[in-house]
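For reference, data_32.csv is printed below; it contains CSV, C-alpha atoms.
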chain,number,residue,atom,x,y,z
A,1254,MET,CA,15.4,30.8,23.1
A,1255,SER,CA,13.4,29.7,20.1
A,1256,ALA,CA,12.0,26.1,19.9
A,1257,ALA,CA,14.0,25.4,16.7
A,1258,LEU,CA,17.2,26.5,18.3
A,1259,ALA,CA,16.5,24.4,21.4
A,1260,TYR,CA,16.0,21.3,19.1
A,1261,ASP,CA,19.2,22.1,17.2
A,1262,ARG,CA,21.3,22.2,20.4
A,1263,ALA,CA,19.6,19.1,21.8
A,1264,GLN,CA,19.9,17.2,18.6
A,1265,PRO,CA,22.9,14.9,19.3
A,1266,THR,CA,21.2,13.4,22.4
A,1267,TRP,CA,17.7,13.0,20.9
A,1268,THR,CA,16.4,9.8,19.4
A,1269,LEU,CA,14.7,9.9,16.1
A,1270,ALA,CA,11.4,8.9,17.7
A,1271,GLY,CA,11.8,11.6,20.3
A,1272,ILE,CA,12.3,14.3,17.7
A,1273,PHE,CA,9.4,13.2,15.6
A,1274,GLU,CA,7.1,13.0,18.6
A,1275,ALA,CA,8.1,16.3,20.0
A,1276,LEU,CA,7.6,18.1,16.7
A,1277,SER,CA,4.3,16.3,16.2
A,1278,THR,CA,3.1,17.5,19.6
A,1279,ARG,CA,4.4,21.0,19.3
A,1280,PHE,CA,3.7,21.9,15.7
A,1281,GLY,CA,1.1,19.4,14.6
A,1282,GLY,CA,0.0,19.4,10.9
A,1283,ASP,CA,2.4,19.5,8.0
A,1284,ALA,CA,5.3,21.7,7.2
A,1285,GLU,CA,4.8,24.4,4.5
A,1286,PRO,CA,5.9,23.2,1.1
A,1287,LEU,CA,9.5,23.9,0.4
A,1288,ASP,CA,11.1,24.9,-2.9
A,1289,GLU,CA,13.4,22.4,-4.6
A,1290,PRO,CA,16.8,24.0,-3.5
A,1291,SER,CA,15.6,23.8,0.1
A,1292,VAL,CA,14.5,20.2,-0.3
A,1293,GLN,CA,18.0,19.4,-1.8
A,1294,ARG,CA,19.6,21.0,1.2
A,1295,LEU,CA,17.5,18.8,3.5
A,1296,VAL,CA,18.5,15.7,1.5
A,1297,GLU,CA,22.2,16.6,2.0
A,1298,GLN,CA,21.7,17.2,5.7
A,1299,ALA,CA,19.7,14.0,6.2
A,1300,ARG,CA,22.4,12.0,4.4
A,1301,THR,CA,24.9,13.2,7.0
A,1302,GLY,CA,22.6,11.9,9.8
A,1303,ASP,CA,20.7,15.1,10.6
A,1304,ARG,CA,17.5,13.6,12.0
A,1305,ILE,CA,15.5,16.9,12.0
A,1306,ALA,CA,16.2,17.1,8.2
A,1307,ALA,CA,15.0,13.6,7.7
A,1308,GLN,CA,11.9,14.4,9.7
A,1309,ARG,CA,11.2,17.5,7.6
A,1310,LEU,CA,11.7,15.4,4.4
A,1311,TYR,CA,9.2,12.9,5.7
A,1312,ARG,CA,6.7,15.6,6.5
A,1313,GLN,CA,7.1,17.2,3.1
A,1314,HIS,CA,6.3,14.0,1.2
A,1315,VAL,CA,4.1,11.7,3.2
A,1316,ASP,CA,0.8,13.1,2.2
A,1317,ARG,CA,1.7,13.2,-1.5
A,1318,VAL,CA,2.7,9.6,-1.3
A,1319,PHE,CA,-0.6,8.7,0.3
A,1320,ARG,CA,-2.6,10.6,-2.2
A,1321,VAL,CA,-0.8,8.8,-5.1
A,1322,VAL,CA,-1.1,5.3,-3.8
A,1323,ARG,CA,-4.7,5.8,-2.5
A,1324,GLY,CA,-5.8,6.4,-6.1
A,1325,MET,CA,-4.2,3.1,-7.1
A,1326,LEU,CA,-5.2,0.7,-4.3
A,1327,ARG,CA,-8.5,-0.6,-3.0
A,1328,SER,CA,-8.5,0.5,0.6
A,1329,ASN,CA,-7.1,3.0,3.1
A,1330,ALA,CA,-5.4,0.2,5.0
A,1331,GLU,CA,-3.4,-0.8,1.9
A,1332,ALA,CA,-2.6,2.8,1.2
A,1333,GLU,CA,-1.3,3.2,4.7
A,1334,ASP,CA,0.9,0.1,4.4
A,1335,VAL,CA,2.3,1.1,1.0
A,1336,THR,CA,2.9,4.7,2.2
A,1337,GLN,CA,4.8,3.4,5.2
A,1338,ASP,CA,6.9,1.1,3.1
A,1339,ALA,CA,7.6,3.7,0.5
A,1340,MET,CA,8.6,6.4,3.1
A,1341,LEU,CA,10.9,3.9,4.9
A,1342,THR,CA,12.5,3.1,1.5
A,1343,VAL,CA,13.0,6.8,0.9
A,1344,LEU,CA,14.5,7.6,4.3
A,1345,THR,CA,16.9,4.6,4.2
A,1346,SER,CA,17.9,5.0,0.5
A,1347,LEU,CA,18.8,8.7,0.4
A,1348,ASP,CA,22.3,7.8,-0.7
A,1349,ARG,CA,20.9,6.3,-3.9
A,1350,TYR,CA,19.3,9.6,-4.9
A,1351,SER,CA,21.2,11.8,-7.3
A,1352,ALA,CA,19.9,15.3,-8.0
A,1353,ARG,CA,21.6,15.3,-11.4
A,1354,THR,CA,20.2,12.0,-12.8
A,1355,ASP,CA,16.9,11.6,-10.8
A,1356,ALA,CA,15.7,15.2,-11.2
A,1357,ARG,CA,13.3,16.6,-8.6
A,1358,PHE,CA,13.4,14.8,-5.2
A,1359,ALA,CA,9.6,14.6,-5.2
A,1360,THR,CA,9.6,12.8,-8.5
A,1361,TRP,CA,12.1,10.3,-7.1
A,1362,VAL,CA,9.9,9.8,-4.0
A,1363,THR,CA,6.9,9.3,-6.3
A,1364,SER,CA,8.7,6.6,-8.3
A,1365,ILE,CA,9.4,4.7,-5.1
A,1366,ALA,CA,5.8,5.0,-4.1
A,1367,LEU,CA,4.6,3.8,-7.5
A,1368,ASN,CA,7.0,0.8,-7.4
A,1369,THR,CA,5.9,-0.1,-3.9
A,1370,ALA,CA,2.2,0.1,-4.9
A,1371,ARG,CA,3.0,-2.0,-8.0
A,1372,ARG,CA,4.6,-4.7,-5.8
A,1373,ARG,CA,1.4,-4.7,-3.7
A,1374,PHE,CA,-0.6,-5.0,-6.9
A,1375,ARG,CA,1.4,-8.1,-8.1
A,1376,ARG,CA,1.1,-9.7,-4.7
A,1377,ARG,CA,-2.6,-9.3,-4.1
A,1378,ARG,CA,-4.2,-8.2,-7.4
A,1379,PRO,CA,-6.2,-5.5,-5.6
A,1380,GLU,CA,-9.2,-4.1,-7.4
A,1381,LEU,CA,-11.0,-1.1,-6.2
A,1382,THR,CA,-14.3,-2.0,-4.7
A,1383,HIS,CA,-17.4,-0.8,-6.6
A,1384,THR,CA,-19.1,0.1,-3.5
A,1385,GLY,CA,-16.5,2.6,-2.4
A,1386,GLU,CA,-15.7,2.8,1.3
A,1387,LEU,CA,-16.9,4.4,4.4
A,1388,PRO,CA,-14.7,7.3,5.3
A,1389,ASP,CA,-12.5,6.9,8.4
A,1390,VAL,CA,-13.8,8.6,11.5
A,1391,GLU,CA,-12.3,12.1,11.5
A,1392,ASP,CA,-11.7,14.2,14.5
A,1393,GLU,CA,-14.8,15.1,16.4
A,1394,HIS,CA,-14.6,18.8,15.8
A,1395,SER,CA,-15.2,18.6,12.0
A,1396,ALA,CA,-18.6,19.7,10.7
A,1397,PRO,CA,-20.9,16.7,9.9
A,1398,GLU,CA,-22.5,18.2,6.8
A,1399,ARG,CA,-19.2,18.9,5.2
A,1400,ASP,CA,-18.0,15.4,6.1
A,1401,VAL,CA,-21.0,13.8,4.3
A,1402,ASP,CA,-20.3,15.9,1.2
A,1403,VAL,CA,-16.6,15.1,1.2
A,1404,ALA,CA,-17.4,11.4,1.7
A,1405,ARG,CA,-19.8,11.5,-1.2
A,1406,GLN,CA,-17.2,13.1,-3.5
A,1407,ARG,CA,-14.6,10.7,-2.3
A,1408,SER,CA,-16.8,7.7,-2.9
A,1409,ALA,CA,-17.6,8.9,-6.4
A,1410,LEU,CA,-14.0,9.4,-7.2
A,1411,LEU,CA,-13.0,5.9,-5.9
A,1412,ARG,CA,-15.8,4.3,-7.9
A,1413,ALA,CA,-14.8,6.1,-11.0
A,1414,LEU,CA,-11.2,5.1,-10.5
A,1415,ALA,CA,-12.4,1.5,-10.2
A,1416,ASP,CA,-13.5,1.5,-13.9
A,1417,LEU,CA,-10.0,2.5,-15.2
A,1418,ALA,CA,-7.3,0.3,-16.4
A,1419,PRO,CA,-4.2,0.0,-14.1
A,1420,ILE,CA,-2.0,2.2,-16.3
A,1421,GLU,CA,-4.7,4.9,-16.5
A,1422,ARG,CA,-5.2,4.8,-12.7
A,1423,GLU,CA,-1.4,5.2,-12.3
A,1424,ILE,CA,-1.2,8.1,-14.6
A,1425,VAL,CA,-4.1,10.0,-13.1
A,1426,SER,CA,-2.8,9.2,-9.6
A,1427,LEU,CA,0.5,10.7,-10.5
A,1428,ARG,CA,-1.1,13.7,-12.1
A,1429,TYR,CA,-3.5,14.6,-9.3
A,1430,GLY,CA,-2.0,12.9,-6.3
A,1431,ALA,CA,1.6,14.0,-6.9
A,1432,GLU,CA,0.8,17.0,-9.1
A,1433,LEU,CA,3.3,15.9,-11.7
A,1434,ASN,CA,3.1,17.1,-15.3
A,1435,ALA,CA,3.1,14.8,-18.4
A,1436,SER,CA,6.9,14.9,-18.8
A,1437,GLN,CA,7.5,14.0,-15.2
A,1438,ILE,CA,4.9,11.2,-15.3
A,1439,ALA,CA,6.5,9.9,-18.5
A,1440,GLU,CA,9.8,9.7,-16.6
A,1441,VAL,CA,8.2,7.8,-13.7
A,1442,VAL,CA,6.1,5.3,-15.8
A,1443,LYS,CA,8.8,5.0,-18.5
A,1444,LEU,CA,6.5,6.0,-21.4
A,1445,GLU,CA,6.8,8.7,-24.1
A,1446,PRO,CA,5.5,12.1,-22.9
A,1447,ALA,CA,3.2,12.2,-25.9
A,1448,ASN,CA,1.7,8.8,-24.9
A,1449,VAL,CA,1.2,10.0,-21.4
A,1450,ARG,CA,-0.6,13.2,-22.6
A,1451,LYS,CA,-2.9,11.1,-24.8
A,1452,ILE,CA,-3.7,8.7,-22.0
A,1453,LEU,CA,-4.2,11.5,-19.5
A,1454,GLU,CA,-6.5,13.4,-21.8
A,1455,ARG,CA,-8.7,10.4,-22.5
A,1456,THR,CA,-8.7,9.3,-18.9
A,1457,ARG,CA,-9.5,12.7,-17.5
A,1458,GLU,CA,-12.5,12.9,-19.8
A,1459,ARG,CA,-13.8,9.5,-18.8
A,1460,LEU,CA,-13.2,10.1,-15.2
A,1461,GLY,CA,-15.0,13.5,-15.3
A,1462,VAL,CA,-18.1,12.0,-17.0
A,1463,ARG,CA,-18.3,9.1,-14.6
A,1464,ILE,CA,-17.8,11.2,-11.5
A,1465,GLU,CA,-20.5,13.7,-12.6
A,1466,ALA,CA,-22.9,10.8,-13.3
A,1467,LEU,CA,-22.2,9.3,-9.9
A,1468,LEU,CA,-22.6,12.6,-8.1
A,1469,GLN,CA,-25.9,13.3,-9.8
A,1470,ARG,CA,-27.1,9.9,-8.9
A,1471,GLY,CA,-26.0,10.7,-5.3
A,1472,ALA,CA,-23.1,8.4,-4.7
A,1473,SER,CA,-23.6,7.1,-1.2
A,1474,PRO,CA,-20.5,7.5,1.1
B,1457,MET,CA,-15.0,18.2,-15.3
B,1458,THR,CA,-12.0,20.5,-15.6
B,1459,ASP,CA,-8.5,19.6,-14.6
B,1460,ALA,CA,-8.8,21.9,-11.6
B,1461,GLU,CA,-12.0,20.3,-10.5
B,1462,ILE,CA,-10.6,16.8,-10.6
B,1463,ALA,CA,-7.5,18.1,-8.7
B,1464,GLU,CA,-9.8,19.6,-6.0
B,1465,LEU,CA,-11.7,16.3,-5.8
B,1466,TRP,CA,-8.5,14.4,-5.4
B,1467,SER,CA,-7.9,16.3,-2.1
B,1468,THR,CA,-10.6,14.2,-0.6
B,1469,LEU,CA,-8.1,11.3,-0.7
B,1470,GLU,CA,-5.8,13.0,1.8
B,1471,PRO,CA,-5.0,10.8,4.8
B,1472,SER,CA,-7.0,11.5,8.0
B,1473,LYS,CA,-5.2,12.6,11.1
B,1474,ARG,CA,-5.4,9.1,12.5
B,1475,GLU,CA,-4.0,7.5,9.3
B,1476,ARG,CA,-1.2,10.1,9.3
B,1477,ALA,CA,-0.4,9.3,13.0
B,1478,ARG,CA,-0.5,5.5,12.4
B,1479,ILE,CA,1.9,5.7,9.4
B,1480,GLU,CA,4.2,8.0,11.3
B,1481,SER,CA,4.3,5.8,14.4
B,1482,ARG,CA,5.0,2.7,12.3
B,1483,VAL,CA,7.8,4.4,10.4
B,1484,LEU,CA,9.3,5.6,13.6
B,1485,GLU,CA,9.1,2.3,15.2
B,1486,TRP,CA,11.0,0.7,12.4
B,1487,LEU,CA,13.6,3.4,12.3
B,1488,GLU,CA,14.1,3.3,16.0
B,1489,ALA,CA,14.4,-0.5,15.9
B,1490,THR,CA,17.2,-0.3,13.3
B,1491,GLU,CA,19.0,2.3,15.3
B,1492,THR,CA,19.1,0.2,18.4
B,1493,SER,CA,22.4,-1.7,18.7
B,1494,LEU,CA,22.7,-5.3,19.9
B,1495,VAL,CA,24.6,-4.2,23.0
B,1496,SER,CA,22.0,-1.7,24.0
B,1497,GLU,CA,19.3,-4.4,23.5
B,1498,TRP,CA,21.3,-6.7,25.8
B,1499,LEU,CA,21.7,-4.0,28.4
B,1500,SER,CA,18.0,-3.1,28.4
B,1501,LEU,CA,17.3,-6.8,28.8
B,1502,VAL,CA,19.6,-7.0,31.8
B,1503,ARG,CA,18.0,-3.9,33.3
B,1504,GLU,CA,14.5,-5.3,32.9
B,1505,ASN,CA,15.3,-8.8,34.1
B,1506,PRO,CA,18.9,-9.0,35.6
B,1507,ILE,CA,18.8,-12.7,36.6
B,1508,GLY,CA,17.1,-13.9,33.4
B,1509,GLY,CA,19.3,-11.7,31.2
B,1510,LEU,CA,22.5,-12.8,32.8
B,1511,ALA,CA,21.4,-16.4,32.8
B,1512,LEU,CA,20.6,-16.2,29.1
B,1513,ALA,CA,24.0,-14.6,28.4
B,1514,ALA,CA,25.8,-17.3,30.4
B,1515,ALA,CA,23.8,-20.1,28.6
B,1516,SER,CA,24.7,-18.6,25.2
B,1517,ALA,CA,28.4,-18.4,26.1
B,1518,LEU,CA,28.4,-22.0,27.5
B,1519,SER,CA,26.7,-23.4,24.4
B,1520,LEU,CA,29.2,-21.6,22.2
B,1521,LEU,CA,32.1,-23.0,24.2
B,1522,THR,CA,30.8,-26.6,24.2
B,1523,LEU,CA,29.2,-26.8,20.8
B,1524,THR,CA,32.1,-25.5,18.9
B,1525,PRO,CA,34.6,-28.3,19.9
B,1526,LEU,CA,31.8,-30.9,19.6
B,1527,GLY,CA,31.2,-29.7,16.1
B,1528,TRP,CA,34.9,-30.1,15.3
B,1529,ILE,CA,35.0,-33.6,16.7
B,1530,ALA,CA,31.8,-34.6,14.8
B,1531,SER,CA,33.2,-33.3,11.5
B,1532,SER,CA,36.6,-35.0,12.0
B,1533,MET,CA,34.8,-38.3,12.8
B,1534,LEU,CA,32.7,-38.0,9.6
B,1535,ARG,CA,35.8,-37.6,7.4
As structure tokens, please, write out the structure in this file.
Amino acid sequence: MSAALAYDRAQPTWTLAGIFEALSTRFGGDAEPLDEPSVQRLVEQARTGDRIAAQRLYRQHVDRVFRVVRGMLRSNAEAEDVTQDAMLTVLTSLDRYSARTDARFATWVTSIALNTARRRFRRRRPELTHTGELPDVEDEHSAPERDVDVARQRSALLRALADLAPIEREIVSLRYGAELNASQIAEVVKLEPANVRKILERTRERLGVRIEALLQRGASP
Amino acid sequence: MTDAEIAELWSTLEPSKRERARIESRVLEWLEATETSLVSEWLSLVRENPIGGLALAAASALSLLTLTPLGWIASSMLR
């Protein structure tokens, strides 16, 4: 019997935590990205109380949410908190999502992430630090040289982001963190698509120049 | 820098395994807590500490029984 079939049959007696933990242990990592119709099917199933569907939706979107909010906030700890709050809102508000009016599910999730990060902004007025941050300790099997290089690039990106205005930071975070196009970003930030394109173009150029300068200077991790 | 280069650079902001695990466990904890009914909370309390749990239940019932008429009396006296 396949593992998936076993989970399906056992589903009614499993707690949500049990399912998440079992899947984490057995499969690790993230699920393969699903196409929009499959995501919509998962949303429908999750609304009827299917816990595996809710778990798959969580896995599909949690990294994207983290990437978006990390670009907007000053620390990994804040990004963790905001990701957690946003994902809880998503999973407990599925009834509010309408495929017809809210377009892609990922765009809806991203809007929730953005609003959660904005609330954090208003509460604590976070500013990205100019010194960047030390990377979290990764698993012990990763290559140290690659880690240093990644940490250097990450630090340069975070420093460059610190120089941007909040709206610019939001727009580039949505572009590169959530991989949204200008029209989708416009929908999320409630601006005209032409305005978003203009801001995006200008910000990308500034960001690129600043990152290159920092990398040439050897931004310390 | 090109669009693709910035996009590639952005992948360095991915959560680490530890961050991912922490977020997941906190989300689970919260969802699990909201799924637990009051009755099952009481039952698990009684299982953990039968005497304390039953004593607490008895004290709660007694205070409800005594405080409700006392409240009525107090409110009628104030009128």
For this session: Return as a list in words the residues belonging to chain A that are within 7 Å of chain B, counting all atoms listed in the file.
Result: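 Result, ordered by chain then number: Leu1269, Ala1270, Asp1316, Phe1319, Arg1320, Arg1323, Glu1333, Gln1337, Leu1341, Glu1391, Val1403, Gln1406, Arg1407, Tyr1429, Gly1430 and Gly1461 of chain A.
If you look at atom CA of Phe1374 of chain A and atom CA of Met1325 of chain A, they are 8.9 Å away from each other.
Around segment 1366-1368 of chain A, within 10 Å and counting all atoms listed in the file, the residues found are Arg1317, Val1318, Phe1319, Val1321, Val1322, Met1325, Val1335, Thr1336, Gln1337, Asp1338, Ala1339, Met1340, Thr1342, Val1343, Thr1360, Trp1361, Val1362, Arg1372, Arg1373, Phe1374, Glu1423, Ser1426, Leu1427, Val1441 and Val1442 of chain A, once anything fewer than 4 positions away on its own chain is removed.
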Got time to write the residues from that selection, C-alpha atoms, as a compact mmCIF listing (two decimals), in the coordinates of the input?
# COMPACT_ATOMS: atom_id res chain seq x y z
CA ARG A 1317 1.70 13.20 -1.50
CA VAL A 1318 2.70 9.60 -1.30
CA PHE A 1319 -0.60 8.70 0.30
CA VAL A 1321 -0.80 8.80 -5.10
CA VAL A 1322 -1.10 5.30 -3.80
CA MET A 1325 -4.20 3.10 -7.10
CA VAL A 1335 2.30 1.10 1.00
CA THR A 1336 2.90 4.70 2.20
CA GLN A 1337 4.80 3.40 5.20
CA ASP A 1338 6.90 1.10 3.10
CA ALA A 1339 7.60 3.70 0.50
CA MET A 1340 8.60 6.40 3.10
CA THR A 1342 12.50 3.10 1.50
CA VAL A 1343 13.00 6.80 0.90
CA THR A 1360 9.60 12.80 -8.50
CA TRP A 1361 12.10 10.30 -7.10
CA VAL A 1362 9.90 9.80 -4.00
CA ARG A 1372 4.60 -4.70 -5.80
CA ARG A 1373 1.40 -4.70 -3.70
CA PHE A 1374 -0.60 -5.00 -6.90
CA GLU A 1423 -1.40 5.20 -12.30
CA SER A 1426 -2.80 9.20 -9.60
CA LEU A 1427 0.50 10.70 -10.50
CA VAL A 1441 8.20 7.80 -13.70
CA VAL A 1442 6.10 5.30 -15.80
For this session: Tell me which protein, DNA and RNA residues are within 12 Å of Leu1287 of chain A, counting all atoms listed in the file, leaving out same-chain ones fewer than 2 positions away, and put them as an MDAnalysis selection string.
Result: chainID A and resid 1283:1285 1289:1295 1309:1310 1312:1314 1358:1359
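With only C-alpha atoms taken into account, every residue lying no more than 12 Å from the file point (10.8, 12.8, -20.5) is included here: Asp1355, Ala1356, Leu1433, Asn1434, Ala1435, Ser1436, Gln1437, Ile1438, Ala1439, Glu1440, Val1441, Val1442, Lys1443, Leu1444, Glu1445, Pro1446, Ala1447, Asn1448, Val1449 and Arg1450 of chain A.
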With all atoms listed in the file as the counted atoms, please give the residues lying no more than 8 Å from Ile1464 of chain A, apart from itself and same-chain residues fewer than 6 positions off, as an mmCIF file with C-alpha atoms, in the frame of the given file.
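Result file is selection_26.cif:
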data_model
loop_
_atom_site.group_PDB
_atom_site.id
_atom_site.type_symbol
_atom_site.label_atom_id
_atom_site.label_comp_id
_atom_site.auth_asym_id
_atom_site.auth_seq_id
_atom_site.Cartn_x
_atom_site.Cartn_y
_atom_site.Cartn_z
ATOM 1 C CA ALA A 1409 -17.600 8.900 -6.400
ATOM 2 C CA LEU A 1410 -14.000 9.400 -7.200
ATOM 3 C CA ALA A 1413 -14.800 6.100 -11.000
#
Problem set entry | Atomic distance atom CA of Ala1415 of chain A - atom CA of Gly1324 of chain A, expressed in Å with one decimal |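 Those two atoms sit 9.2 Å apart.
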Problem set entry | Between atom CA of Leu1344 of chain A and atom CA of Tyr1311 of chain A - distance in Å to one decimal | 7.6 Å
For this session: Name the residues, using the chain letters and numbers of the file, that sit within 9 Å of (18.9, 12.3, 4.8) when counting only C-alpha atoms, and give them as a ChimeraX atom specification.
Result: /A:1295-1304,1306-1308,1310,1343-1348
